[in-house]
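Trainee: Dropping a structure here in structure tokens format, bear with me for questions.
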Amino acid sequence: MSSFNNYIKFALDIKDQNIVFEDYFCRLANGYKQKVYQAVLLQPSCPFCGSQELRHNGRLKTEIRYPAANASQPVIIRLFKQRVWCRTCNKRSMAQSDLVGKYCCISQHSKLKILSALTEDRSMTSIARENNVSVNTVQRVLGSCSHQFSSSYDYLPEHLAFDEFKGVDRTLHFICLDADKHEVVQILRTRYKKAIIAYFKKFSPAALQGVKTVSLDLNFYYQDIVRACFPNAEIVLDRFHMVQMLTRSFNSLRVQVMKKFKKISREYKLLKSPWKLYLKKYQELDKIHPHYNWH
């Protein structure tokens, strides 16, 4: 039994001495073939007083997801956690291991593999399929370590810029940039006013008062967010969005006027063919040399 146990531990890279493997077999579940390793997690001493005068008090069966070399054949560790009752301090406890967290069925090895895959340019769906877990599990693993990458709430750049972009599932996300360094300050999953205000309210009053300008587009509720969060900031309308709005309005008006004429008419062709000429900058127009246009 000792060589059998050591062989499975070596194959699965498990170093916990309190885990003893007893059997292994294959089964069919949800149309997939699974490899199941059955083991017992022993409790050598009381976690409260350290006494070894323990009395067996049953065991809890858990099935733990473990990384597999072949994603089509998931590996399951059927672990029986031993429950004990201490005769010295009269307290009950259950065996725990570094293999898996308390009240969890995803092994630490699987979580580390998921974290490694999240560093690559891949979707969460493909990572979940490879590790035989759900997409929500991948999101929880990412969220569990997000505090290690979160910035301090005591500082904000003096000049900020707000905008939105299309992200996952073609939904609009909110993005905040440092207007001077053009670096990303934060990206939020939604662009709703309530979520944006809740994020900036996490910063200290000194950080919010230190913001001098906020550049934004013509979105009406962005101005309300600036007034609610940054008392000393001035609102700067981005000229790119203003030029973009004027260009779209001009094109829309040109098309409306163009459709009033017949397609064979000279007026229709003058409004349709040289449309780039109407959008050209005034400084780039040639006012000296005439050019022939057959329209």
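Residue numbering restarts at 1 for every chain of the structure tokens, chains are lettered A, B, ... in their displayed order, and ligands are numbered from 1 as they appear.
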Determine which residues of segment 64-246 of chain A receive a DSSP assignment of helix (DSSP H, G or I), computed from the backbone, and state them as a VMD selection string.
Mentor: chain A and resid 108 to 118 124 to 130 135 to 144 146 to 148 168 to 170 193 to 200 205 to 209 220 to 229 239 to 246
Trainee: Which polymer residues have any atom within 8 Å of an atom of Ser204 of chain A, counting only C-alpha atoms, with same-chain residues fewer than 5 positions away left out, as a list in words?
Mentor: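 Everything that qualifies: Tyr153, Asp154 and Tyr155 of chain A.
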Trainee: Just give me the gap between atom CA of Ile225 of chain A and atom CA of Ile197 of chain A in Å, one decimal is fine.
Mentor: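 Between these atoms lies a distance of 6.3 Å.
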Trainee: Please identify all polymer residues within 12 Å of Phe240 of chain A, counting only C-alpha atoms, omitting same-chain residues fewer than 3 positions from it, and present them as a list in words.
Mentor: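 Everything that qualifies: Asp163, Ser215, Leu216, Asp217, Leu218, Val236, Leu237, Val243, Gln244, Met245, Leu246 and Thr247 of chain A.
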Trainee: Give me every strand (DSSP E) residue in segment 3-239 of chain A, going by DSSP on the backbone, as an MDAnalysis selection string.
Mentor: chainID A and resid 19:29 32:41 54:66 75:86 92:94 159:166 172:178 184:188 213:216 234:237
Trainee: Between A:Ser107, A:Asn90, A:Asn18, A:Ser134, single out the one closest to Leu54 of chain A, counting only C-alpha atoms.
Mentor: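 Ranked by minimum distance to Leu54 of chain A, first place goes to A:Asn90.
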Trainee: Rounded to one decimal, what separation in Å do you get between atom CA of Ser265 of chain A and atom CA of His291 of chain A?
Mentor: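 Between atom CA of Ser265 of chain A and atom CA of His291 of chain A the gap works out to 21.6 Å.
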Trainee: Excluding Ala233 of chain A and any residue of its chain fewer than 4 positions from it, enumerate the residues within 9 Å of it, using only C-alpha atoms, and give them as an MDAnalysis selection string.
Mentor: chainID A and resid 158:159 208:214 226:227
Trainee: Any idea what's packed within 8 Å of Gln82 of chain A, counting only C-alpha atoms, ignoring anything in its chain fewer than 6 positions away? Could you give it as a list in words?
Mentor: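 That gives Val40, Leu41, Leu42, Gln43, His56, Asn57, Gly58, Arg59, Leu60, Met94 and Ala95 of chain A.
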Trainee: I need the chosen residues saved as a PDB file, in the first residue's frame, with N, CA, C and O atoms.
Mentor:
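And here is the file that came out, part.pdb:
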ATOM      1  N   VAL A  40      -7.927   9.155   1.526  1.00  0.00           N
ATOM      2  CA  VAL A  40      -8.389   9.542   2.853  1.00  0.00           C
ATOM      3  C   VAL A  40      -7.459  10.616   3.391  1.00  0.00           C
ATOM      4  O   VAL A  40      -6.227  10.498   3.299  1.00  0.00           O
ATOM      5  N   LEU A  41      -8.051  11.674   3.949  1.00  0.00           N
ATOM      6  CA  LEU A  41      -7.286  12.743   4.576  1.00  0.00           C
ATOM      7  C   LEU A  41      -7.343  12.551   6.084  1.00  0.00           C
ATOM      8  O   LEU A  41      -8.407  12.684   6.703  1.00  0.00           O
ATOM      9  N   LEU A  42      -6.209  12.240   6.673  1.00  0.00           N
ATOM     10  CA  LEU A  42      -6.134  11.938   8.096  1.00  0.00           C
ATOM     11  C   LEU A  42      -5.926  13.209   8.919  1.00  0.00           C
ATOM     12  O   LEU A  42      -5.365  14.200   8.433  1.00  0.00           O
ATOM     13  N   GLN A  43      -6.378  13.135  10.170  1.00  0.00           N
ATOM     14  CA  GLN A  43      -6.176  14.211  11.132  1.00  0.00           C
ATOM     15  C   GLN A  43      -5.248  13.707  12.230  1.00  0.00           C
ATOM     16  O   GLN A  43      -5.672  13.004  13.133  1.00  0.00           O
ATOM     17  N   HIS A  56     -12.423   8.965  16.489  1.00  0.00           N
ATOM     18  CA  HIS A  56     -12.999   9.050  15.153  1.00  0.00           C
ATOM     19  C   HIS A  56     -14.476   9.432  15.241  1.00  0.00           C
ATOM     20  O   HIS A  56     -15.247   8.857  16.006  1.00  0.00           O
ATOM     21  N   ASN A  57     -14.873  10.435  14.407  1.00  0.00           N
ATOM     22  CA  ASN A  57     -16.239  10.964  14.469  1.00  0.00           C
ATOM     23  C   ASN A  57     -16.843  11.073  13.064  1.00  0.00           C
ATOM     24  O   ASN A  57     -17.529  12.038  12.736  1.00  0.00           O
ATOM     25  N   GLY A  58     -16.540  10.098  12.204  1.00  0.00           N
ATOM     26  CA  GLY A  58     -17.074  10.089  10.851  1.00  0.00           C
ATOM     27  C   GLY A  58     -16.133  10.762   9.870  1.00  0.00           C
ATOM     28  O   GLY A  58     -15.019  11.157  10.205  1.00  0.00           O
ATOM     29  N   ARG A  59     -16.584  10.919   8.620  1.00  0.00           N
ATOM     30  CA  ARG A  59     -15.774  11.569   7.598  1.00  0.00           C
ATOM     31  C   ARG A  59     -16.677  12.169   6.533  1.00  0.00           C
ATOM     32  O   ARG A  59     -17.824  11.724   6.344  1.00  0.00           O
ATOM     33  N   LEU A  60     -16.137  13.162   5.840  1.00  0.00           N
ATOM     34  CA  LEU A  60     -16.883  13.895   4.806  1.00  0.00           C
ATOM     35  C   LEU A  60     -16.296  13.561   3.443  1.00  0.00           C
ATOM     36  O   LEU A  60     -15.087  13.676   3.233  1.00  0.00           O
ATOM     37  N   MET A  94     -12.298  18.887  11.663  1.00  0.00           N
ATOM     38  CA  MET A  94     -12.227  18.081  10.447  1.00  0.00           C
ATOM     39  C   MET A  94     -10.871  18.320   9.791  1.00  0.00           C
ATOM     40  O   MET A  94     -10.335  19.432   9.812  1.00  0.00           O
ATOM     41  N   ALA A  95     -10.313  17.289   9.236  1.00  0.00           N
ATOM     42  CA  ALA A  95      -8.980  17.366   8.621  1.00  0.00           C
ATOM     43  C   ALA A  95      -8.994  18.332   7.438  1.00  0.00           C
ATOM     44  O   ALA A  95      -9.933  18.339   6.639  1.00  0.00           O
TER      45      ALA A  95
END
Trainee: What lies within 9 Å of Lys269 of chain A using only C-alpha atoms, ignoring chain neighbours under 5 positions off, as a PyMOL selection string?
Mentor: chain A and resi 258+263-264+274+295
Trainee: A:Arg87, A:Lys193, A:Lys281, A:Lys33: which is nearest Cys46 of chain A, counting only C-alpha atoms?
Mentor: A:Arg87
Trainee: For atom CA of Thr190 of chain A and atom CA of Val138 of chain A, quote the distance in Å rounded to one decimal.
Mentor: 19.6 Å
